[in-house]
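Peer 1: To be precise about what I am sending: the file is called coords.cif and holds mmCIF, C-alpha atoms.
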data_target
#
loop_
_atom_site.group_PDB
_atom_site.id
_atom_site.type_symbol
_atom_site.label_atom_id
_atom_site.label_comp_id
_atom_site.auth_asym_id
_atom_site.auth_seq_id
_atom_site.Cartn_x
_atom_site.Cartn_y
_atom_site.Cartn_z
ATOM 1 C CA MET A 1 228.640 202.675 -142.286
ATOM 2 C CA VAL A 2 227.258 200.847 -139.266
ATOM 3 C CA VAL A 3 224.454 198.426 -139.976
ATOM 4 C CA TRP A 4 221.862 198.080 -137.237
ATOM 5 C CA THR A 5 219.424 195.190 -137.046
ATOM 6 C CA ASP A 6 215.795 195.972 -136.239
ATOM 7 C CA PHE A 7 216.317 194.409 -132.833
ATOM 8 C CA GLU A 8 219.338 196.624 -132.117
ATOM 9 C CA THR A 9 217.570 199.813 -133.204
ATOM 10 C CA ALA A 10 214.463 199.012 -131.187
ATOM 11 C CA THR A 11 216.515 198.017 -128.140
ATOM 12 C CA ILE A 12 218.615 201.199 -128.092
ATOM 13 C CA LYS A 13 215.605 203.461 -128.554
ATOM 14 C CA ASP A 14 213.694 201.557 -125.898
ATOM 15 C CA ILE A 15 216.494 201.825 -123.344
ATOM 16 C CA PHE A 16 216.865 205.561 -123.842
ATOM 17 C CA SER A 17 213.129 206.239 -123.805
ATOM 18 C CA LYS A 18 212.890 204.514 -120.416
ATOM 19 C CA LEU A 19 215.897 206.350 -119.024
ATOM 20 C CA ASP A 20 214.574 209.695 -120.157
ATOM 21 C CA SER A 21 212.086 209.984 -117.323
ATOM 22 C CA GLU A 22 214.819 209.318 -114.795
ATOM 23 C CA VAL A 23 217.488 211.348 -116.516
ATOM 24 C CA VAL A 24 218.667 213.232 -113.445
ATOM 25 C CA GLY A 25 219.198 210.109 -111.356
ATOM 26 C CA PHE A 26 220.638 207.962 -114.116
ATOM 27 C CA SER A 27 223.020 210.507 -115.572
ATOM 28 C CA SER A 28 224.642 211.542 -112.338
ATOM 29 C CA ARG A 29 224.835 207.908 -111.245
ATOM 30 C CA PHE A 30 227.005 206.719 -114.079
ATOM 31 C CA LEU A 31 229.305 209.721 -114.015
ATOM 32 C CA TYR A 32 229.933 209.577 -110.308
ATOM 33 C CA ARG A 33 230.494 205.841 -110.544
ATOM 34 C CA CYS A 34 233.201 206.501 -113.154
ATOM 35 C CA LEU A 35 234.834 209.166 -110.945
ATOM 36 C CA ILE A 36 234.821 206.792 -107.948
ATOM 37 C CA VAL A 37 235.809 203.508 -109.616
ATOM 38 C CA TYR A 38 238.396 205.104 -111.932
ATOM 39 C CA PRO A 39 239.587 208.050 -109.844
ATOM 40 C CA TRP A 40 242.162 209.195 -112.398
ATOM 41 C CA THR A 41 239.243 210.364 -114.564
ATOM 42 C CA GLN A 42 238.852 213.188 -112.035
ATOM 43 C CA ARG A 43 241.743 214.907 -113.777
ATOM 44 C CA TYR A 44 239.247 216.336 -116.271
ATOM 45 C CA PHE A 45 237.029 217.835 -113.578
ATOM 46 C CA ALA A 46 239.471 219.949 -111.581
ATOM 47 C CA LYS A 47 237.040 222.874 -111.767
ATOM 48 C CA PHE A 48 234.195 220.888 -110.204
ATOM 49 C CA GLY A 49 235.231 221.598 -106.631
ATOM 50 C CA ASN A 50 234.936 218.898 -103.993
ATOM 51 C CA LEU A 51 235.571 215.412 -105.398
ATOM 52 C CA TYR A 52 237.436 214.298 -102.316
ATOM 53 C CA ASN A 53 235.471 211.133 -101.585
ATOM 54 C CA ALA A 54 232.460 209.149 -102.753
ATOM 55 C CA ALA A 55 230.009 211.177 -100.644
ATOM 56 C CA ALA A 56 231.388 214.460 -101.993
ATOM 57 C CA ILE A 57 231.219 213.233 -105.574
ATOM 58 C CA MET A 58 227.664 211.948 -105.176
ATOM 59 C CA GLY A 59 226.516 215.253 -103.690
ATOM 60 C CA ASN A 60 228.329 217.457 -106.197
ATOM 61 C CA PRO A 61 225.806 219.426 -108.303
ATOM 62 C CA MET A 62 228.337 220.059 -111.074
ATOM 63 C CA VAL A 63 228.785 216.298 -111.502
ATOM 64 C CA ALA A 64 225.008 215.875 -111.748
ATOM 65 C CA ALA A 65 224.752 218.664 -114.304
ATOM 66 C CA HIS A 66 227.572 217.259 -116.355
ATOM 67 C CA GLY A 67 226.065 213.788 -116.308
ATOM 68 C CA LYS A 68 222.990 215.300 -117.914
ATOM 69 C CA THR A 69 225.159 216.893 -120.630
ATOM 70 C CA VAL A 70 226.667 213.502 -121.440
ATOM 71 C CA VAL A 71 223.224 211.850 -121.626
ATOM 72 C CA GLN A 72 222.029 214.576 -123.986
ATOM 73 C CA GLY A 73 225.038 213.778 -126.164
ATOM 74 C CA LEU A 74 224.080 210.103 -126.170
ATOM 75 C CA GLU A 75 220.473 210.959 -127.024
ATOM 76 C CA LEU A 76 221.785 212.844 -130.049
ATOM 77 C CA ALA A 77 223.448 209.632 -131.206
ATOM 78 C CA VAL A 78 220.215 207.688 -130.618
ATOM 79 C CA LYS A 79 218.328 210.154 -132.832
ATOM 80 C CA ASN A 80 220.958 209.797 -135.567
ATOM 81 C CA MET A 81 221.881 206.132 -135.361
ATOM 82 C CA ASP A 82 222.502 205.889 -139.075
ATOM 83 C CA ASN A 83 225.173 208.533 -139.035
ATOM 84 C CA ILE A 84 226.716 208.834 -135.603
ATOM 85 C CA LYS A 85 230.161 209.552 -137.049
ATOM 86 C CA ALA A 86 229.043 212.729 -138.818
ATOM 87 C CA THR A 87 226.734 213.750 -135.965
ATOM 88 C CA TYR A 88 229.665 213.598 -133.536
ATOM 89 C CA ALA A 89 232.276 215.379 -135.670
ATOM 90 C CA ASP A 90 232.131 218.588 -133.627
ATOM 91 C CA LEU A 91 231.957 216.698 -130.327
ATOM 92 C CA SER A 92 235.052 214.770 -131.342
ATOM 93 C CA VAL A 93 236.954 217.974 -132.062
ATOM 94 C CA LEU A 94 235.764 219.367 -128.722
ATOM 95 C CA HIS A 95 237.015 216.326 -126.786
ATOM 96 C CA SER A 96 240.372 216.177 -128.548
ATOM 97 C CA GLU A 97 241.323 219.822 -128.989
ATOM 98 C CA LYS A 98 239.627 221.640 -126.151
ATOM 99 C CA LEU A 99 238.926 219.081 -123.409
ATOM 100 C CA ARG A 100 241.939 216.933 -124.323
ATOM 101 C CA VAL A 101 240.434 213.737 -122.986
ATOM 102 C CA ASP A 102 242.468 210.561 -123.440
ATOM 103 C CA PRO A 103 240.118 208.419 -125.559
ATOM 104 C CA ASP A 104 240.813 205.380 -123.355
ATOM 105 C CA ASN A 105 238.600 207.112 -120.808
ATOM 106 C CA PHE A 106 235.583 206.806 -123.107
ATOM 107 C CA LYS A 107 235.708 203.045 -122.611
ATOM 108 C CA LEU A 108 235.786 203.425 -118.823
ATOM 109 C CA LEU A 109 232.728 205.676 -118.858
ATOM 110 C CA ALA A 110 230.970 203.339 -121.297
ATOM 111 C CA ASP A 111 231.546 200.400 -118.938
ATOM 112 C CA CYS A 112 230.040 202.422 -116.068
ATOM 113 C CA ILE A 113 227.026 203.364 -118.200
ATOM 114 C CA THR A 114 226.503 199.679 -119.040
ATOM 115 C CA ILE A 115 226.678 198.696 -115.386
ATOM 116 C CA VAL A 116 224.211 201.406 -114.298
ATOM 117 C CA VAL A 117 221.768 200.492 -117.084
ATOM 118 C CA ALA A 118 222.075 196.826 -116.052
ATOM 119 C CA ALA A 119 221.164 197.773 -112.474
ATOM 120 C CA GLN A 120 218.174 199.737 -113.709
ATOM 121 C CA MET A 121 216.878 197.089 -116.111
ATOM 122 C CA GLY A 122 217.564 193.990 -114.024
ATOM 123 C CA ALA A 123 216.418 190.836 -115.773
ATOM 124 C CA GLY A 124 215.478 192.884 -118.841
ATOM 125 C CA PHE A 125 219.169 193.413 -119.521
ATOM 126 C CA THR A 126 219.504 190.102 -121.325
ATOM 127 C CA PRO A 127 222.694 189.043 -123.143
ATOM 128 C CA GLU A 128 221.060 190.115 -126.427
ATOM 129 C CA VAL A 129 220.185 193.550 -125.030
ATOM 130 C CA GLN A 130 223.667 193.884 -123.558
ATOM 131 C CA ALA A 131 225.266 193.064 -126.920
ATOM 132 C CA ALA A 132 223.130 195.676 -128.705
ATOM 133 C CA PHE A 133 223.796 198.316 -126.067
ATOM 134 C CA GLN A 134 227.544 197.716 -126.052
ATOM 135 C CA LYS A 135 227.614 197.857 -129.861
ATOM 136 C CA PHE A 136 225.928 201.259 -129.670
ATOM 137 C CA LEU A 137 228.441 202.499 -127.087
ATOM 138 C CA ALA A 138 231.342 201.165 -129.186
ATOM 139 C CA VAL A 139 230.084 203.137 -132.197
ATOM 140 C CA VAL A 140 229.740 206.253 -130.027
ATOM 141 C CA ILE A 141 233.288 205.795 -128.691
ATOM 142 C CA SER A 142 234.674 205.308 -132.188
ATOM 143 C CA ALA A 143 232.899 208.440 -133.465
ATOM 144 C CA LEU A 144 234.158 210.475 -130.506
ATOM 145 C CA GLY A 145 237.711 209.431 -131.278
ATOM 146 C CA LYS A 146 237.572 210.067 -135.016
ATOM 147 C CA GLN A 147 238.877 213.643 -135.009
ATOM 148 C CA TYR A 148 241.895 212.995 -132.786
ATOM 149 C CA HIS A 149 245.167 213.497 -134.591
ATOM 150 C CA MET B 150 256.838 183.480 -87.107
ATOM 151 C CA GLY B 151 257.255 181.110 -90.019
ATOM 152 C CA GLY B 152 259.464 181.979 -92.968
ATOM 153 C CA THR B 153 257.933 184.125 -95.659
ATOM 154 C CA SER B 154 257.248 182.468 -99.009
ATOM 155 C CA ASP B 155 258.710 184.312 -101.949
ATOM 156 C CA HIS B 156 255.336 185.587 -103.134
ATOM 157 C CA ARG B 157 254.317 186.997 -99.772
ATOM 158 C CA GLY B 158 254.206 190.776 -99.864
ATOM 159 C CA HIS B 159 253.996 190.725 -103.659
ATOM 160 C CA PRO B 160 252.804 194.135 -104.874
ATOM 161 C CA LEU B 161 249.507 192.556 -106.008
ATOM 162 C CA GLU B 162 248.358 191.768 -102.497
ATOM 163 C CA MET B 163 249.666 195.006 -101.061
ATOM 164 C CA SER B 164 247.427 197.060 -103.298
ATOM 165 C CA LEU B 165 244.178 195.551 -102.053
ATOM 166 C CA SER B 166 243.491 197.489 -98.882
ATOM 167 C CA ALA B 167 241.912 195.957 -95.799
ATOM 168 C CA LYS B 168 238.740 197.857 -96.699
ATOM 169 C CA ASP B 169 238.759 196.422 -100.235
ATOM 170 C CA LYS B 170 239.103 192.879 -98.912
ATOM 171 C CA ALA B 171 236.345 193.411 -96.355
ATOM 172 C CA LEU B 172 234.025 194.776 -99.043
ATOM 173 C CA VAL B 173 234.755 191.870 -101.392
ATOM 174 C CA ARG B 174 234.330 189.229 -98.681
ATOM 175 C CA GLY B 175 231.160 190.839 -97.349
ATOM 176 C CA PHE B 176 229.585 191.259 -100.773
ATOM 177 C CA TRP B 177 230.539 187.741 -101.863
ATOM 178 C CA ALA B 178 228.981 186.240 -98.723
ATOM 179 C CA LYS B 179 225.775 188.124 -99.483
ATOM 180 C CA ILE B 180 225.558 186.979 -103.105
ATOM 181 C CA ALA B 181 226.698 183.369 -102.550
ATOM 182 C CA PRO B 182 223.104 181.994 -102.640
ATOM 183 C CA LYS B 183 222.849 183.122 -106.265
ATOM 184 C CA ALA B 184 226.262 181.791 -107.274
ATOM 185 C CA ASP B 185 224.891 179.390 -109.905
ATOM 186 C CA GLU B 186 222.841 182.104 -111.578
ATOM 187 C CA ILE B 187 225.804 184.493 -111.529
ATOM 188 C CA GLY B 188 228.061 181.921 -113.179
ATOM 189 C CA ASN B 189 225.557 181.116 -115.900
ATOM 190 C CA GLU B 190 224.633 184.740 -116.618
ATOM 191 C CA ALA B 191 228.257 185.954 -116.703
ATOM 192 C CA PHE B 192 229.529 183.142 -118.870
ATOM 193 C CA SER B 193 226.501 183.239 -121.217
ATOM 194 C CA ARG B 194 227.119 186.916 -121.739
ATOM 195 C CA LEU B 195 230.822 186.451 -122.411
ATOM 196 C CA LEU B 196 230.057 184.103 -125.292
ATOM 197 C CA HIS B 197 227.203 186.176 -126.667
ATOM 198 C CA VAL B 198 228.527 189.731 -126.281
ATOM 199 C CA TYR B 199 232.094 188.808 -127.262
ATOM 200 C CA PRO B 200 231.593 186.069 -129.854
ATOM 201 C CA GLN B 201 235.315 185.686 -130.421
ATOM 202 C CA THR B 202 235.452 183.898 -127.039
ATOM 203 C CA LYS B 203 233.446 181.064 -128.564
ATOM 204 C CA THR B 204 236.605 179.933 -130.330
ATOM 205 C CA TYR B 205 237.730 178.297 -127.090
ATOM 206 C CA PHE B 206 234.619 176.135 -126.957
ATOM 207 C CA SER B 207 234.158 175.003 -130.537
ATOM 208 C CA HIS B 208 233.983 171.414 -129.278
ATOM 209 C CA TRP B 209 230.688 172.073 -127.482
ATOM 210 C CA SER B 210 227.360 171.231 -129.083
ATOM 211 C CA ASP B 211 225.512 174.333 -127.897
ATOM 212 C CA LEU B 212 226.957 177.751 -127.099
ATOM 213 C CA LYS B 213 223.698 179.606 -126.614
ATOM 214 C CA PRO B 214 223.102 181.591 -123.404
ATOM 215 C CA GLY B 215 221.843 179.222 -120.699
ATOM 216 C CA SER B 216 222.462 175.979 -122.609
ATOM 217 C CA PRO B 217 223.547 172.914 -120.559
ATOM 218 C CA PRO B 218 227.278 173.070 -121.403
ATOM 219 C CA VAL B 219 227.267 176.840 -120.802
ATOM 220 C CA ARG B 220 225.534 176.445 -117.441
ATOM 221 C CA LYS B 221 227.931 173.700 -116.431
ATOM 222 C CA HIS B 222 230.921 175.821 -117.268
ATOM 223 C CA GLY B 223 229.401 178.845 -115.536
ATOM 224 C CA LEU B 224 229.381 176.760 -112.358
ATOM 225 C CA LYS B 225 233.097 176.081 -112.782
ATOM 226 C CA VAL B 226 233.808 179.762 -113.310
ATOM 227 C CA VAL B 227 231.853 180.957 -110.278
ATOM 228 C CA GLY B 228 233.451 178.160 -108.261
ATOM 229 C CA GLY B 229 236.817 179.576 -109.255
ATOM 230 C CA LEU B 230 235.717 183.038 -108.124
ATOM 231 C CA SER B 231 234.625 181.735 -104.712
ATOM 232 C CA PHE B 232 237.946 179.962 -104.430
ATOM 233 C CA ALA B 233 239.760 183.193 -105.240
ATOM 234 C CA VAL B 234 237.805 185.236 -102.674
ATOM 235 C CA ASP B 235 239.003 182.734 -100.118
ATOM 236 C CA LYS B 236 242.607 183.293 -101.251
ATOM 237 C CA ILE B 237 242.313 187.068 -101.322
ATOM 238 C CA ASP B 238 245.239 187.474 -98.944
ATOM 239 C CA ASP B 239 247.549 185.577 -101.286
ATOM 240 C CA LEU B 240 246.188 185.560 -104.834
ATOM 241 C CA ILE B 241 249.449 184.696 -106.594
ATOM 242 C CA GLY B 242 250.107 181.683 -104.378
ATOM 243 C CA GLY B 243 246.489 180.663 -104.084
ATOM 244 C CA MET B 244 245.826 180.709 -107.829
ATOM 245 C CA LEU B 245 249.027 178.914 -108.785
ATOM 246 C CA THR B 246 247.402 175.660 -109.924
ATOM 247 C CA LEU B 247 244.657 177.448 -111.823
ATOM 248 C CA SER B 248 247.229 179.716 -113.422
ATOM 249 C CA GLU B 249 249.211 176.736 -114.635
ATOM 250 C CA LEU B 250 246.012 175.208 -115.997
ATOM 251 C CA HIS B 251 245.134 178.358 -117.954
ATOM 252 C CA ALA B 252 248.723 178.869 -119.107
ATOM 253 C CA PHE B 253 249.748 175.438 -120.261
ATOM 254 C CA GLN B 254 246.581 173.504 -120.951
ATOM 255 C CA LEU B 255 243.798 175.943 -121.753
ATOM 256 C CA ARG B 256 246.073 178.659 -123.145
ATOM 257 C CA VAL B 257 243.408 181.329 -122.863
ATOM 258 C CA ASP B 258 244.673 184.689 -124.070
ATOM 259 C CA PRO B 259 244.685 186.846 -120.906
ATOM 260 C CA ALA B 260 242.912 189.663 -122.763
ATOM 261 C CA ASN B 261 239.792 187.558 -122.355
ATOM 262 C CA PHE B 262 239.977 187.753 -118.568
ATOM 263 C CA LYS B 263 239.076 191.438 -118.869
ATOM 264 C CA LEU B 264 236.027 190.599 -120.956
ATOM 265 C CA LEU B 265 234.779 188.042 -118.426
ATOM 266 C CA GLN B 266 235.544 190.518 -115.637
ATOM 267 C CA HIS B 267 233.241 193.070 -117.278
ATOM 268 C CA CYS B 268 230.478 190.482 -117.758
ATOM 269 C CA ILE B 269 230.726 189.458 -114.109
ATOM 270 C CA MET B 270 230.394 193.095 -113.026
ATOM 271 C CA VAL B 271 227.357 193.636 -115.274
ATOM 272 C CA VAL B 272 225.650 190.559 -113.800
ATOM 273 C CA LEU B 273 226.426 191.594 -110.214
ATOM 274 C CA SER B 274 224.935 195.014 -110.965
ATOM 275 C CA MET B 275 221.882 193.447 -112.594
ATOM 276 C CA LEU B 276 221.151 190.962 -109.808
ATOM 277 C CA PHE B 277 222.111 193.129 -106.819
ATOM 278 C CA PRO B 278 221.406 196.733 -107.878
ATOM 279 C CA ASN B 279 221.193 198.024 -104.310
ATOM 280 C CA ASP B 280 224.200 196.156 -102.924
ATOM 281 C CA PHE B 281 226.494 196.784 -105.893
ATOM 282 C CA THR B 282 227.285 200.331 -104.765
ATOM 283 C CA ALA B 283 230.091 202.424 -106.260
ATOM 284 C CA GLU B 284 232.358 201.368 -103.394
ATOM 285 C CA VAL B 285 231.632 197.671 -103.851
ATOM 286 C CA HIS B 286 232.069 198.139 -107.610
ATOM 287 C CA LEU B 287 235.495 199.682 -107.007
ATOM 288 C CA ALA B 288 236.600 196.933 -104.625
ATOM 289 C CA MET B 289 235.352 194.143 -106.929
ATOM 290 C CA ASP B 290 236.996 195.770 -109.946
ATOM 291 C CA LYS B 291 240.321 195.933 -108.125
ATOM 292 C CA PHE B 292 239.964 192.348 -106.894
ATOM 293 C CA LEU B 293 239.044 190.934 -110.313
ATOM 294 C CA SER B 294 241.890 192.840 -111.994
ATOM 295 C CA ARG B 295 244.364 191.399 -109.561
ATOM 296 C CA LEU B 296 242.805 187.964 -109.922
ATOM 297 C CA ALA B 297 243.317 188.192 -113.689
ATOM 298 C CA LEU B 298 246.942 189.084 -113.097
ATOM 299 C CA ALA B 299 247.366 186.145 -110.706
ATOM 300 C CA LEU B 300 245.771 183.823 -113.287
ATOM 301 C CA SER B 301 248.228 184.918 -115.945
ATOM 302 C CA ASP B 302 251.212 184.803 -113.610
ATOM 303 C CA LYS B 303 252.478 181.457 -114.870
ATOM 304 C CA TYR B 304 252.023 182.197 -118.570
ATOM 305 C CA ARG B 305 255.622 183.060 -119.310
#
Would you mind writing the structure in this file as structure tokens?
Peer 2:
Amino acid sequence: MVVWTDFETATIKDIFSKLDSEVVGFSSRFLYRCLIVYPWTQRYFAKFGNLYNAAAIMGNPMVAAHGKTVVQGLELAVKNMDNIKATYADLSVLHSEKLRVDPDNFKLLADCITIVVAAQMGAGFTPEVQAAFQKFLAVVISALGKQYH
Amino acid sequence: MGGTSDHRGHPLEMSLSAKDKALVRGFWAKIAPKADEIGNEAFSRLLHVYPQTKTYFSHWSDLKPGSPPVRKHGLKVVGGLSFAVDKIDDLIGGMLTLSELHAFQLRVDPANFKLLQHCIMVVLSMLFPNDFTAEVHLAMDKFLSRLALALSDKYR
């Protein structure tokens, strides 16, 4: 079981409470950054239409909508920090059996999320906050990969 | 035309497009005034977020973010980055001496280059949120990946 310090718990909840009010902007920003910086991740979004270049990706409403879906998934983990593994069991099955996402991609998306949050928080994204946030994302990634076999 | 050196046209350099190089050069010129801060922030984060990297600096008195030895080393690191931007047309050749240093004297496991790369990107995003666009992010990521490869070129 993952042990969270008070600082880590407070930090994660604080970050997500602040992002909540900007969910549309934030969520599409990190997803389109992933699709642009790591273009091979587009393989999972063949049905999203025009992903031809950065401008197309940034203007794509399906990307924006999907970014929101991912954030909602993360918020679920924030609400259940003491048992992310169990909370994500179904999501893990979904990603492995239906979506068939190579779990290495989770790390790429997590790095993009970190970078977008850093841009949003500026000086508030201290090394201590970064460590807590990356620990959270690592737990999420591990839980998402648990049901792969 | 002079003779080509044997590392000219190495696949590393070929994969950074003219646009990538222009983006990296342009962005680096813009952020140069904050070089010291970038070095300190990136290196402080490396040690704090990835504590296993502290094993290379066990001889220092203070490994806390922003401490004097950390700041001093951050300056060295960002100096190395500036040097590399200057050698962007020939990273393998340009980084030869630094590669030998890391390979034979420092013996830093190259896996750590990726960790520092990520910390650098986080700091660039934090300090320059409007300039660190997706396209700059992509170009910098490609450049730093190839720099890491050039740094490990002499390892074995």
Peer 1: Please provide the set of residues having any atom within 10 Å of Val140 in chain A, restricted to all atoms listed in the file, with same-chain residues fewer than 2 positions apart removed, written as a list in words.
Peer 2: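 Everything that qualifies: Gly73, Leu74, Ala77, Val78, Met81, Ile84, Lys85, Tyr88, Phe106, Ala110, Gln134, Lys135, Phe136, Leu137, Ala138, Ser142, Ala143, Leu144 and Gly145 of chain A.
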Peer 1: Would you mind listing what lies within 10 Å of His251 in chain B as a PyMOL selection string, with all atoms listed in the file counted and same-chain residues fewer than 3 positions away left out?
Peer 2: chain B and resi 245-248+254-259+300-304
Peer 1: What lies within 9 Å of His197 in chain B using all atoms listed in the file, ignoring chain neighbours under 5 positions off, as number ranges by chain?
Peer 2: A: 127-128, 131; B: 192, 202-203, 212-214
Peer 1: Could those selected residues go to a file with C-alpha atoms, as a PDB file, in the frame of the given file?
Peer 2:
ATOM      1  CA  PRO A 127     222.694 189.043-123.143  1.00  0.00           C
ATOM      2  CA  GLU A 128     221.060 190.115-126.427  1.00  0.00           C
ATOM      3  CA  ALA A 131     225.266 193.064-126.920  1.00  0.00           C
TER       4      ALA A 131
ATOM      5  CA  PHE B 192     229.529 183.142-118.870  1.00  0.00           C
ATOM      6  CA  THR B 202     235.452 183.898-127.039  1.00  0.00           C
ATOM      7  CA  LYS B 203     233.446 181.064-128.564  1.00  0.00           C
ATOM      8  CA  LEU B 212     226.957 177.751-127.099  1.00  0.00           C
ATOM      9  CA  LYS B 213     223.698 179.606-126.614  1.00  0.00           C
ATOM     10  CA  PRO B 214     223.102 181.591-123.404  1.00  0.00           C
TER      11      PRO B 214
END
Peer 1: Report, as lines of an AutoDock Vina configuration file, the centre and edge lengths in Å (one decimal) of the axis-aligned box enclosing every listed atom of range 233-249 of chain B, padded by 8 Å on each side.
Peer 2:
center_x = 244.0
center_y = 181.6
center_z = -106.8
size_x = 28.3
size_y = 27.8
size_z = 31.7
Peer 1: Could you please select, counting only C-alpha atoms, the residues of chain A within 9 Å of chain B and state them as JSON, numbers by chain?
Peer 2: {"A": [32, 33, 34, 36, 37, 38, 54, 111, 114, 115, 116, 117, 118, 119, 120, 121, 122, 123, 124, 125, 126, 127, 128, 130, 131, 132, 134, 135]}
Peer 1: If we count all atoms listed in the file and set the cut-off at 9 Å, which residues sit around Phe7 in chain A, ignoring sequence neighbours fewer than 4 positions away in its own chain? Please answer as a VMD selection string.
Peer 2: chain A and resid 11 to 12 129 132
Peer 1: So what do you get for CA of Ala10 in chain A versus CA of His66 in chain A, distance-wise?
Peer 2: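 Spanning CA of Ala10 in chain A to CA of His66 in chain A is a straight-line distance of 26.9 Å.
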Peer 1: I need the output of the PyMOL selection byres ((chain B and resi 233) around 12) for this file as a PyMOL selection string; which residues are they?
Peer 2: chain B and resi 170+173-174+177+226-232+234-248+289+292-297+299-300
Peer 1: Could you state the separation of CA of Lys225 in chain B and CA of Cys112 in chain A in Å, given to one decimal place?
Peer 2: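 Calculated distance between CA of Lys225 in chain B and CA of Cys112 in chain A is 26.7 Å.
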Peer 1: CA of Leu165 in chain B and CA of Pro182 in chain B, how far apart in Å?
Peer 2: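 Between CA of Pro182 in chain B and CA of Leu165 in chain B the gap works out to 25.1 Å.
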Peer 1: Run the PyMOL selection byres ((chain A and resi 93) around 10) on the file and write out the hits as JSON, numbers by chain.
Peer 2: {"A": [88, 89, 90, 91, 92, 94, 95, 96, 97, 98, 99, 100, 144, 145, 146, 147, 148, 149]}
Peer 1: For Gly67 in chain A, which residue among A:Ile113, A:Val139, A:Asp104, A:Phe30 is the nearest when counting all atoms listed in the file?
Peer 2: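 That would be A:Phe30, the residue with the smallest distance to Gly67 in chain A.
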Peer 1: Let me know the residues the PyMOL selection byres ((chain A and resi 57) around 12) catches in the file above, as a PyMOL selection string.
Peer 2: (chain A and resi 28-37+39+42+45+48-56+58-64+67) or (chain B and resi 283)
Peer 1: Restricting the output to C-alpha atoms, write the selected residues as a PDB file, in the coordinates of the input.
Peer 2:
ATOM      1  CA  SER A  28     224.642 211.542-112.338  1.00  0.00           C
ATOM      2  CA  ARG A  29     224.835 207.908-111.245  1.00  0.00           C
ATOM      3  CA  PHE A  30     227.005 206.719-114.079  1.00  0.00           C
ATOM      4  CA  LEU A  31     229.305 209.721-114.015  1.00  0.00           C
ATOM      5  CA  TYR A  32     229.933 209.577-110.308  1.00  0.00           C
ATOM      6  CA  ARG A  33     230.494 205.841-110.544  1.00  0.00           C
ATOM      7  CA  CYS A  34     233.201 206.501-113.154  1.00  0.00           C
ATOM      8  CA  LEU A  35     234.834 209.166-110.945  1.00  0.00           C
ATOM      9  CA  ILE A  36     234.821 206.792-107.948  1.00  0.00           C
ATOM     10  CA  VAL A  37     235.809 203.508-109.616  1.00  0.00           C
ATOM     11  CA  PRO A  39     239.587 208.050-109.844  1.00  0.00           C
ATOM     12  CA  GLN A  42     238.852 213.188-112.035  1.00  0.00           C
ATOM     13  CA  PHE A  45     237.029 217.835-113.578  1.00  0.00           C
ATOM     14  CA  PHE A  48     234.195 220.888-110.204  1.00  0.00           C
ATOM     15  CA  GLY A  49     235.231 221.598-106.631  1.00  0.00           C
ATOM     16  CA  ASN A  50     234.936 218.898-103.993  1.00  0.00           C
ATOM     17  CA  LEU A  51     235.571 215.412-105.398  1.00  0.00           C
ATOM     18  CA  TYR A  52     237.436 214.298-102.316  1.00  0.00           C
ATOM     19  CA  ASN A  53     235.471 211.133-101.585  1.00  0.00           C
ATOM     20  CA  ALA A  54     232.460 209.149-102.753  1.00  0.00           C
ATOM     21  CA  ALA A  55     230.009 211.177-100.644  1.00  0.00           C
ATOM     22  CA  ALA A  56     231.388 214.460-101.993  1.00  0.00           C
ATOM     23  CA  MET A  58     227.664 211.948-105.176  1.00  0.00           C
ATOM     24  CA  GLY A  59     226.516 215.253-103.690  1.00  0.00           C
ATOM     25  CA  ASN A  60     228.329 217.457-106.197  1.00  0.00           C
ATOM     26  CA  PRO A  61     225.806 219.426-108.303  1.00  0.00           C
ATOM     27  CA  MET A  62     228.337 220.059-111.074  1.00  0.00           C
ATOM     28  CA  VAL A  63     228.785 216.298-111.502  1.00  0.00           C
ATOM     29  CA  ALA A  64     225.008 215.875-111.748  1.00  0.00           C
ATOM     30  CA  GLY A  67     226.065 213.788-116.308  1.00  0.00           C
TER      31      GLY A  67
ATOM     32  CA  ALA B 283     230.091 202.424-106.260  1.00  0.00           C
TER      33      ALA B 283
END
Peer 1: Nearest to Asn105 in chain A among A:Asp6, A:Ile141, A:Asn80, A:Glu75, with distances taken over only C-alpha atoms: which residue is it?
Peer 2: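 Using only C-alpha atoms, the shortest distance to Asn105 in chain A belongs to A:Ile141.
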Peer 1: Starting from the incomplete input, reconstruct N, CA, C and O atoms of range 188-192 of chain B and report them as a PDB file, in the frame of the given file.
Peer 2:
ATOM      1  N   GLY B 188     227.140 182.622-112.274  1.00  0.00           N
ATOM      2  CA  GLY B 188     228.061 181.921-113.179  1.00  0.00           C
ATOM      3  C   GLY B 188     227.463 181.756-114.566  1.00  0.00           C
ATOM      4  O   GLY B 188     228.103 182.053-115.579  1.00  0.00           O
ATOM      5  N   ASN B 189     226.212 181.327-114.612  1.00  0.00           N
ATOM      6  CA  ASN B 189     225.557 181.116-115.900  1.00  0.00           C
ATOM      7  C   ASN B 189     225.379 182.428-116.651  1.00  0.00           C
ATOM      8  O   ASN B 189     225.710 182.529-117.836  1.00  0.00           O
ATOM      9  N   GLU B 190     224.876 183.448-115.959  1.00  0.00           N
ATOM     10  CA  GLU B 190     224.633 184.740-116.618  1.00  0.00           C
ATOM     11  C   GLU B 190     225.939 185.346-117.140  1.00  0.00           C
ATOM     12  O   GLU B 190     225.995 185.830-118.269  1.00  0.00           O
ATOM     13  N   ALA B 191     226.986 185.322-116.312  1.00  0.00           N
ATOM     14  CA  ALA B 191     228.257 185.954-116.703  1.00  0.00           C
ATOM     15  C   ALA B 191     228.877 185.222-117.892  1.00  0.00           C
ATOM     16  O   ALA B 191     229.319 185.847-118.857  1.00  0.00           O
ATOM     17  N   PHE B 192     228.885 183.904-117.810  1.00  0.00           N
ATOM     18  CA  PHE B 192     229.529 183.142-118.870  1.00  0.00           C
ATOM     19  C   PHE B 192     228.708 183.172-120.162  1.00  0.00           C
ATOM     20  O   PHE B 192     229.263 183.299-121.255  1.00  0.00           O
TER      21      PHE B 192
END
